[in-house]
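Asks: Input start20.txt, format and content: compact mmCIF, C-alpha atoms.
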```txt
# COMPACT_ATOMS: atom_id res chain seq x y z
CA MET H 200 -50.20 0.39 0.91
CA THR H 201 -47.23 -1.76 1.98
CA SER H 202 -44.45 0.20 3.69
CA PRO H 203 -41.02 -0.05 1.99
CA LYS H 204 -38.50 -2.55 3.29
CA ARG H 205 -35.86 -1.01 5.54
CA ILE H 206 -32.32 -2.16 6.10
CA GLY H 207 -29.34 -0.73 7.94
CA LEU H 208 -25.81 -0.54 6.59
CA VAL H 209 -22.67 0.15 8.61
CA ALA H 210 -20.28 1.64 6.06
CA GLY H 211 -16.53 1.32 6.47
CA TYR H 212 -13.64 1.91 4.07
CA GLY H 213 -13.65 1.38 0.32
CA ALA H 214 -16.05 1.00 -2.58
CA PHE H 215 -17.88 -2.07 -1.23
CA PRO H 216 -20.30 -0.08 0.99
CA LEU H 217 -21.17 2.10 -2.02
CA GLU H 218 -21.70 -0.88 -4.30
CA LEU H 219 -23.73 -2.79 -1.71
CA CYS H 220 -25.84 0.25 -0.86
CA GLN H 221 -26.79 0.66 -4.53
CA THR H 222 -27.53 -3.07 -4.83
CA LEU H 223 -29.82 -2.92 -1.79
CA LYS H 224 -31.69 0.06 -3.23
CA ASN H 225 -32.04 -1.80 -6.54
CA ASN H 226 -33.62 -4.64 -4.52
CA GLY H 227 -36.28 -2.26 -3.19
CA PHE H 228 -34.82 -1.41 0.22
CA MET H 229 -34.71 1.93 1.94
CA VAL H 230 -31.09 1.98 3.15
CA HIS H 231 -30.23 3.79 6.39
CA VAL H 232 -26.48 4.11 6.84
CA ALA H 233 -24.30 4.52 9.88
CA ALA H 234 -21.08 5.71 8.22
CA ILE H 235 -17.82 5.26 10.11
CA GLN H 236 -16.35 8.74 10.32
CA GLU H 237 -12.73 7.56 10.21
CA GLU H 238 -13.24 5.28 7.19
CA ALA H 239 -16.30 5.79 4.99
CA SER H 240 -16.51 7.76 1.75
CA LYS H 241 -18.79 10.81 1.67
CA ASP H 242 -20.12 9.43 -1.64
CA ILE H 243 -22.41 7.22 0.45
CA GLU H 244 -24.56 10.31 1.08
CA VAL H 245 -25.51 10.40 -2.62
CA ILE H 246 -26.81 6.81 -2.61
CA ALA H 247 -28.35 6.10 0.82
CA ASN H 248 -31.80 7.18 2.01
CA SER H 249 -30.21 8.53 5.18
CA VAL H 250 -26.67 8.77 6.58
CA THR H 251 -25.57 9.30 10.16
CA TRP H 252 -21.85 9.70 10.80
CA VAL H 253 -20.52 7.80 13.82
CA SER H 254 -16.99 7.43 15.18
CA VAL H 255 -15.38 4.09 15.95
CA GLY H 256 -16.54 3.26 19.46
CA GLN H 257 -19.94 4.97 19.24
CA ILE H 258 -21.96 1.75 19.43
CA LYS H 259 -24.83 3.36 21.34
CA LYS H 260 -25.21 6.03 18.64
CA LEU H 261 -25.17 3.32 15.98
CA ILE H 262 -28.00 1.46 17.73
CA LYS H 263 -30.06 4.64 18.27
CA THR H 264 -29.63 5.53 14.59
CA MET H 265 -31.08 2.20 13.51
CA GLN H 266 -33.90 2.37 16.05
CA SER H 267 -34.86 5.86 14.86
CA HIS H 268 -35.49 4.43 11.39
CA ASP H 269 -37.25 1.27 12.65
CA VAL H 270 -34.42 -0.86 11.26
CA THR H 271 -34.36 -4.47 12.48
CA ASP H 272 -31.86 -5.90 9.96
CA LEU H 273 -28.36 -4.60 9.36
CA ILE H 274 -25.30 -5.37 7.22
CA PHE H 275 -21.67 -4.45 7.83
CA ALA H 276 -19.71 -3.46 4.71
CA GLY H 277 -16.17 -2.19 4.30
CA LYS H 278 -13.08 -2.43 6.47
CA VAL H 279 -12.71 -0.68 9.80
CA GLN H 280 -9.07 -0.83 10.82
CA LYS H 281 -8.46 -2.13 14.32
CA ILE H 282 -5.57 0.33 14.61
CA HIS H 283 -8.21 2.92 15.62
CA LEU H 284 -8.32 1.20 19.01
CA PHE H 285 -4.89 2.69 19.63
CA ARG H 286 -5.39 6.14 18.07
CA ASN H 287 -7.55 8.69 19.93
CA PHE H 288 -10.10 5.97 20.68
CA LYS H 289 -12.99 7.26 22.77
CA PRO H 290 -15.47 4.44 23.35
CA ASP H 291 -18.91 5.11 24.72
CA LEU H 292 -20.04 3.11 27.75
CA LEU H 293 -21.47 0.28 25.64
CA ALA H 294 -18.30 -0.04 23.55
CA ALA H 295 -16.20 0.00 26.71
CA LYS H 296 -18.37 -2.81 28.11
CA ILE H 297 -17.89 -4.86 24.93
CA LEU H 298 -14.12 -4.39 25.13
CA PHE H 299 -14.06 -5.30 28.81
CA GLN H 300 -16.12 -8.46 28.31
CA ALA H 301 -14.28 -9.68 25.20
CA LYS H 302 -12.03 -12.65 25.90
CA ASP H 303 -9.29 -10.99 23.80
CA LYS H 304 -8.89 -8.25 21.18
CA LYS H 305 -9.08 -10.47 18.10
CA ASP H 306 -11.32 -9.22 15.29
CA ASP H 307 -13.87 -12.00 15.75
CA SER H 308 -14.07 -11.51 19.52
CA LEU H 309 -14.76 -7.78 19.17
CA MET H 310 -17.21 -8.15 16.29
CA LEU H 311 -19.18 -10.89 18.04
CA GLY H 312 -19.51 -8.57 21.03
CA ILE H 313 -20.89 -5.83 18.77
CA VAL H 314 -23.26 -8.29 17.07
CA LYS H 315 -24.60 -9.40 20.46
CA ALA H 316 -25.14 -5.78 21.55
CA LEU H 317 -27.16 -5.17 18.38
CA GLU H 318 -29.15 -8.38 18.75
CA ASP H 319 -29.96 -7.49 22.37
CA LYS H 320 -31.73 -4.44 20.93
CA GLY H 321 -33.64 -6.46 18.34
CA ILE H 322 -31.31 -5.76 15.39
CA THR H 323 -30.23 -8.81 13.37
CA VAL H 324 -26.86 -8.68 11.60
CA ARG H 325 -27.10 -10.34 8.19
CA SER H 326 -24.48 -11.85 5.90
CA GLN H 327 -22.26 -9.46 3.94
CA VAL H 328 -22.68 -11.58 0.82
CA GLU H 329 -26.43 -12.18 1.01
CA PHE H 330 -27.08 -9.45 -1.55
CA ALA H 331 -23.59 -9.47 -3.11
CA GLY H 332 -23.16 -13.06 -4.22
CA ASP H 333 -22.32 -11.94 -7.77
CA LEU H 334 -19.22 -10.19 -6.37
CA LEU H 335 -17.64 -13.44 -5.14
CA ALA H 336 -14.54 -14.64 -6.98
CA GLY H 337 -14.70 -17.76 -9.11
CA GLU H 338 -11.97 -20.35 -9.52
CA GLY H 339 -9.04 -20.15 -11.95
CA HIS H 340 -7.44 -17.27 -13.87
CA LEU H 341 -9.72 -14.25 -13.42
CA PHE H 342 -8.01 -11.06 -14.60
CA GLY H 343 -4.73 -9.73 -15.94
CA PRO H 344 -1.99 -11.72 -17.68
CA LYS H 345 -1.82 -15.50 -17.42
CA PRO H 346 0.08 -16.50 -14.28
CA THR H 347 3.49 -18.12 -14.64
CA LYS H 348 4.33 -21.55 -13.25
CA GLN H 349 6.29 -19.91 -10.41
CA MET H 350 3.34 -17.70 -9.50
CA LEU H 351 1.09 -20.76 -9.32
CA LYS H 352 3.69 -22.62 -7.22
CA ASP H 353 3.88 -19.67 -4.82
CA MET H 354 0.09 -19.53 -4.59
CA ALA H 355 -0.12 -23.27 -3.88
CA PHE H 356 2.58 -22.89 -1.24
CA GLY H 357 1.06 -19.76 0.28
CA PHE H 358 -2.58 -20.86 0.46
CA PRO H 359 -2.28 -23.23 3.46
CA GLN H 360 0.14 -20.82 5.16
CA ALA H 361 -2.39 -17.99 4.82
CA LYS H 362 -5.23 -20.24 6.03
CA HIS H 363 -3.23 -21.07 9.15
CA ILE H 364 -2.61 -17.38 9.93
CA ALA H 365 -6.27 -16.58 9.22
CA GLY H 366 -7.32 -19.41 11.53
CA LEU H 367 -5.40 -17.71 14.33
CA ASP H 368 -7.31 -14.46 13.54
CA ILE H 369 -4.03 -12.62 12.90
CA GLY H 370 -4.65 -11.60 9.30
CA GLN H 371 -5.88 -12.97 5.96
CA THR H 372 -3.00 -12.07 3.65
CA ILE H 373 0.57 -13.23 3.18
CA VAL H 374 3.25 -12.20 0.66
CA VAL H 375 5.38 -14.91 -0.97
CA LYS H 376 8.37 -15.23 -3.29
CA ASP H 377 10.02 -18.48 -4.42
CA GLU H 378 8.01 -20.43 -1.82
CA ALA H 379 9.19 -18.28 1.08
CA VAL H 380 6.89 -16.05 3.17
CA LEU H 381 8.07 -12.43 3.06
CA ALA H 382 5.29 -10.75 5.04
CA VAL H 383 2.21 -11.60 7.08
CA GLU H 384 -0.73 -9.26 7.54
CA ALA H 385 -1.46 -8.27 11.13
CA ILE H 386 -3.12 -5.18 12.61
CA GLU H 387 -1.59 -2.85 9.99
CA GLY H 388 -3.84 -4.22 7.22
CA THR H 389 -3.45 -5.75 3.76
CA ASP H 390 -1.86 -2.80 1.95
CA GLU H 391 0.92 -2.34 4.49
CA ALA H 392 1.70 -6.07 4.44
CA ILE H 393 1.93 -5.92 0.64
CA LYS H 394 4.29 -2.95 0.82
CA ARG H 395 6.56 -4.70 3.33
CA GLY H 396 6.67 -7.93 1.33
CA GLY H 397 7.23 -6.12 -1.94
CA ALA H 398 10.09 -4.10 -0.49
CA LEU H 399 11.81 -7.32 0.61
CA GLY H 400 11.17 -9.25 -2.61
CA LYS H 401 11.89 -6.35 -4.99
CA SER H 402 9.99 -7.97 -7.92
CA ASP H 403 8.08 -11.08 -9.03
CA VAL H 404 6.31 -11.23 -5.68
CA THR H 405 2.97 -13.01 -5.12
CA VAL H 406 0.19 -12.14 -2.68
CA VAL H 407 -2.24 -14.71 -1.24
CA LYS H 408 -5.49 -13.66 0.44
CA VAL H 409 -7.94 -16.10 2.05
CA ALA H 410 -10.98 -16.35 4.29
CA LYS H 411 -10.76 -17.63 7.84
CA PRO H 412 -11.34 -21.41 8.11
CA ASN H 413 -14.69 -20.77 9.82
CA GLN H 414 -15.42 -17.41 8.24
CA ASP H 415 -18.45 -15.65 9.70
CA PRO H 416 -20.19 -14.15 6.64
CA ARG H 417 -21.55 -11.28 8.73
CA PHE H 418 -18.20 -9.49 8.95
CA ASP H 419 -14.60 -9.35 7.72
CA VAL H 420 -15.24 -11.25 4.47
CA PRO H 421 -12.01 -10.87 2.43
CA ALA H 422 -12.15 -8.47 -0.52
CA ILE H 423 -9.90 -6.94 -3.15
CA GLY H 424 -10.42 -3.77 -5.14
CA VAL H 425 -8.60 -1.46 -7.52
CA GLY H 426 -6.59 0.00 -4.63
CA THR H 427 -5.23 -3.46 -3.80
CA LEU H 428 -3.87 -3.90 -7.32
CA GLU H 429 -2.37 -0.40 -7.36
CA THR H 430 -0.59 -1.06 -4.07
CA MET H 431 0.70 -4.38 -5.41
CA ALA H 432 2.02 -2.90 -8.65
CA ALA H 433 3.81 -0.09 -6.81
CA ALA H 434 5.41 -2.65 -4.47
CA GLY H 435 6.61 -5.06 -7.17
CA CYS H 436 3.91 -7.68 -6.57
CA ASN H 437 2.57 -8.97 -9.88
CA ALA H 438 0.21 -11.78 -8.88
CA ILE H 439 -2.48 -12.41 -6.30
CA GLY H 440 -4.22 -15.65 -5.40
CA ILE H 441 -7.59 -15.20 -3.68
CA GLU H 442 -9.90 -17.81 -2.21
CA ALA H 443 -12.62 -18.69 -4.71
CA GLY H 444 -16.18 -18.47 -3.43
CA GLN H 445 -15.03 -16.55 -0.35
CA THR H 446 -13.48 -13.31 -1.64
CA LEU H 447 -15.39 -10.24 -2.83
CA LEU H 448 -14.29 -8.60 -6.08
CA ILE H 449 -15.12 -4.93 -5.63
CA GLU H 450 -15.99 -3.01 -8.83
CA ARG H 451 -15.36 -6.11 -10.94
CA GLU H 452 -15.19 -4.38 -14.35
CA LEU H 453 -12.74 -1.73 -13.13
CA LEU H 454 -10.76 -4.46 -11.41
CA ALA H 455 -10.41 -6.37 -14.68
CA GLU H 456 -9.29 -3.23 -16.53
CA LYS H 457 -6.78 -2.30 -13.84
CA ALA H 458 -5.31 -5.83 -13.67
CA LYS H 459 -4.71 -5.75 -17.43
CA MET H 460 -3.24 -2.25 -17.34
CA LEU H 461 -0.91 -2.94 -14.40
CA GLY H 462 0.05 -6.46 -15.52
CA VAL H 463 -1.19 -8.09 -12.30
CA SER H 464 -2.44 -11.69 -12.48
CA VAL H 465 -5.54 -12.43 -10.39
CA VAL H 466 -6.32 -16.09 -9.71
CA GLY H 467 -9.14 -17.75 -7.76
CA LEU H 468 -7.90 -20.64 -5.59
CA ARG H 469 -9.62 -23.63 -3.97
CA GLY H 470 -8.14 -25.19 -0.85
```
Translate the structure of the given file into structure tokens.
Replies:
Amino acid sequence: MTSPKRIGLVAGYGAFPLELCQTLKNNGFMVHVAAIQEEASKDIEVIANSVTWVSVGQIKKLIKTMQSHDVTDLIFAGKVQKIHLFRNFKPDLLAAKILFQAKDKKDDSLMLGIVKALEDKGITVRSQVEFAGDLLAGEGHLFGPKPTKQMLKDMAFGFPQAKHIAGLDIGQTIVVKDEAVLAVEAIEGTDEAIKRGGALGKSDVTVVKVAKPNQDPRFDVPAIGVGTLETMAAAGCNAIGIEAGQTLLIERELLAEKAKMLGVSVVGLRG
């Protein structure tokens, strides 16, 4: 009898880890999860074959968890805010070594260090979209009301600006009104950038979210979910342009319903 396929999942914030975990199980995998204590939903325990809770900085525990289940392939899913590095952060010796050896504290530098530590122990990190290709945004008007000409102008203006910021590994989101940048995402995350930009623009504000120019599909793939649209609506942002073929649409059906209900236009953009 053939033993079942095993795969590891590092679960961060949001619905994506839940959706991906279910997709992996539907594909015949036994899914062993290392759930980030500061970020992940407890709902993951209902779906996964096993769940071990680890804090940010417990890289050694993460590796031992995967080894205990004979896992040799692993996927990261869901955001882990870098702000945790500055809030009661207690790295184990391996995490401290990764931080010390990183050339800087950019997201890619830190994640590549973690990937190398996993690979050194025989664990391959696979693409976030390998089993979630149907979640990627298409091009054109996707959800919500039809965008106005000004919204489309702001998206066209904001797209290259956002790509430039993403290329510097600062953030992947900017907030625009009348072809002026109101806010840029940094360490605080997408929602806080949206709130800042919305507060400045008051209304008729557009959000643009993109992938990095050389996006590593193993981590930090851009995504939007219902929470993104709720934050936008509360902040006076009524349109979002996302990079087509590069952005994950989490809980697509709920996203479509929420966009219609809140009056938020969602558009897939090509560079």
Asks: Which is closer to H:Asp319 than all the others in H:Leu367, H:Thr271, H:Lys305, H:Thr372, using all atoms listed in the file?
Replies: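 Looking only at the distances to H:Asp319, the closest residue turns out to be H:Thr271.
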Asks: List as a count of residues only the protein and nucleic acid residues near stretch 353-361 of chain H, meaning an atom at most 12 Å away when only C-alpha atoms are counted, but skip any in the same chain fewer than 2 places from it.
Replies: 54
Asks: List as an MDAnalysis selection string the protein and nucleic acid residues near H:Ile322, meaning an atom at most 12 Å away when all atoms listed in the file are counted, but skip any in the same chain fewer than 2 places from it.
Replies: chainID H and resid 205:208 261:266 268:274 313:320 324:325
Asks: With C-alpha atoms kept, could you save the residues just selected as a CSV table (one decimal), in the frame of the given file?
Replies:
```csv
chain,number,residue,atom,x,y,z
H,205,ARG,CA,-35.9,-1.0,5.5
H,206,ILE,CA,-32.3,-2.2,6.1
H,207,GLY,CA,-29.3,-0.7,7.9
H,208,LEU,CA,-25.8,-0.5,6.6
H,261,LEU,CA,-25.2,3.3,16.0
H,262,ILE,CA,-28.0,1.5,17.7
H,263,LYS,CA,-30.1,4.6,18.3
H,264,THR,CA,-29.6,5.5,14.6
H,265,MET,CA,-31.1,2.2,13.5
H,266,GLN,CA,-33.9,2.4,16.0
H,268,HIS,CA,-35.5,4.4,11.4
H,269,ASP,CA,-37.2,1.3,12.6
H,270,VAL,CA,-34.4,-0.9,11.3
H,271,THR,CA,-34.4,-4.5,12.5
H,272,ASP,CA,-31.9,-5.9,10.0
H,273,LEU,CA,-28.4,-4.6,9.4
H,274,ILE,CA,-25.3,-5.4,7.2
H,313,ILE,CA,-20.9,-5.8,18.8
H,314,VAL,CA,-23.3,-8.3,17.1
H,315,LYS,CA,-24.6,-9.4,20.5
H,316,ALA,CA,-25.1,-5.8,21.6
H,317,LEU,CA,-27.2,-5.2,18.4
H,318,GLU,CA,-29.2,-8.4,18.8
H,319,ASP,CA,-30.0,-7.5,22.4
H,320,LYS,CA,-31.7,-4.4,20.9
H,324,VAL,CA,-26.9,-8.7,11.6
H,325,ARG,CA,-27.1,-10.3,8.2
```
Asks: Neighbours of H:Leu284 within 12 Å (all atoms listed in the file; same-chain residues fewer than 2 positions away dropped), as a PyMOL selection string?
Replies: chain H and resi 237+254-256+279-282+286-290+294-295+298+304-306+309+386-387
Asks: With all atoms listed in the file counted and 9 Å as the cut-off, give the residues of stretch 213-332 of chain H in contact with stretch 417-429 of chain H, each with its shortest interatomic distance in Å and the pair that gives it, as JSON lines.
Replies:
```
{"residue": "H:Gly213", "atom": "CA", "partner": "H:Gly424", "partner_atom": "CA", "distance": 8.2}
{"residue": "H:Ala214", "atom": "CA", "partner": "H:Gly424", "partner_atom": "CA", "distance": 7.8}
{"residue": "H:Phe215", "atom": "CA", "partner": "H:Gly424", "partner_atom": "CA", "distance": 8.6}
{"residue": "H:Ile274", "atom": "CA", "partner": "H:Arg417", "partner_atom": "CA", "distance": 7.2}
{"residue": "H:Phe275", "atom": "CA", "partner": "H:Phe418", "partner_atom": "CA", "distance": 6.2}
{"residue": "H:Ala276", "atom": "CA", "partner": "H:Phe418", "partner_atom": "CA", "distance": 7.5}
{"residue": "H:Gly277", "atom": "CA", "partner": "H:Asp419", "partner_atom": "CA", "distance": 8.1}
{"residue": "H:Lys278", "atom": "CA", "partner": "H:Asp419", "partner_atom": "CA", "distance": 7.2}
{"residue": "H:Asp306", "atom": "CA", "partner": "H:Asp419", "partner_atom": "CA", "distance": 8.3}
{"residue": "H:Asp307", "atom": "CA", "partner": "H:Phe418", "partner_atom": "CA", "distance": 8.4}
{"residue": "H:Met310", "atom": "CA", "partner": "H:Phe418", "partner_atom": "CA", "distance": 7.5}
{"residue": "H:Val324", "atom": "CA", "partner": "H:Arg417", "partner_atom": "CA", "distance": 6.6}
{"residue": "H:Arg325", "atom": "CA", "partner": "H:Arg417", "partner_atom": "CA", "distance": 5.7}
{"residue": "H:Ser326", "atom": "CA", "partner": "H:Arg417", "partner_atom": "CA", "distance": 4.1}
{"residue": "H:Gln327", "atom": "CA", "partner": "H:Arg417", "partner_atom": "CA", "distance": 5.2}
{"residue": "H:Val328", "atom": "CA", "partner": "H:Arg417", "partner_atom": "CA", "distance": 8.0}
```
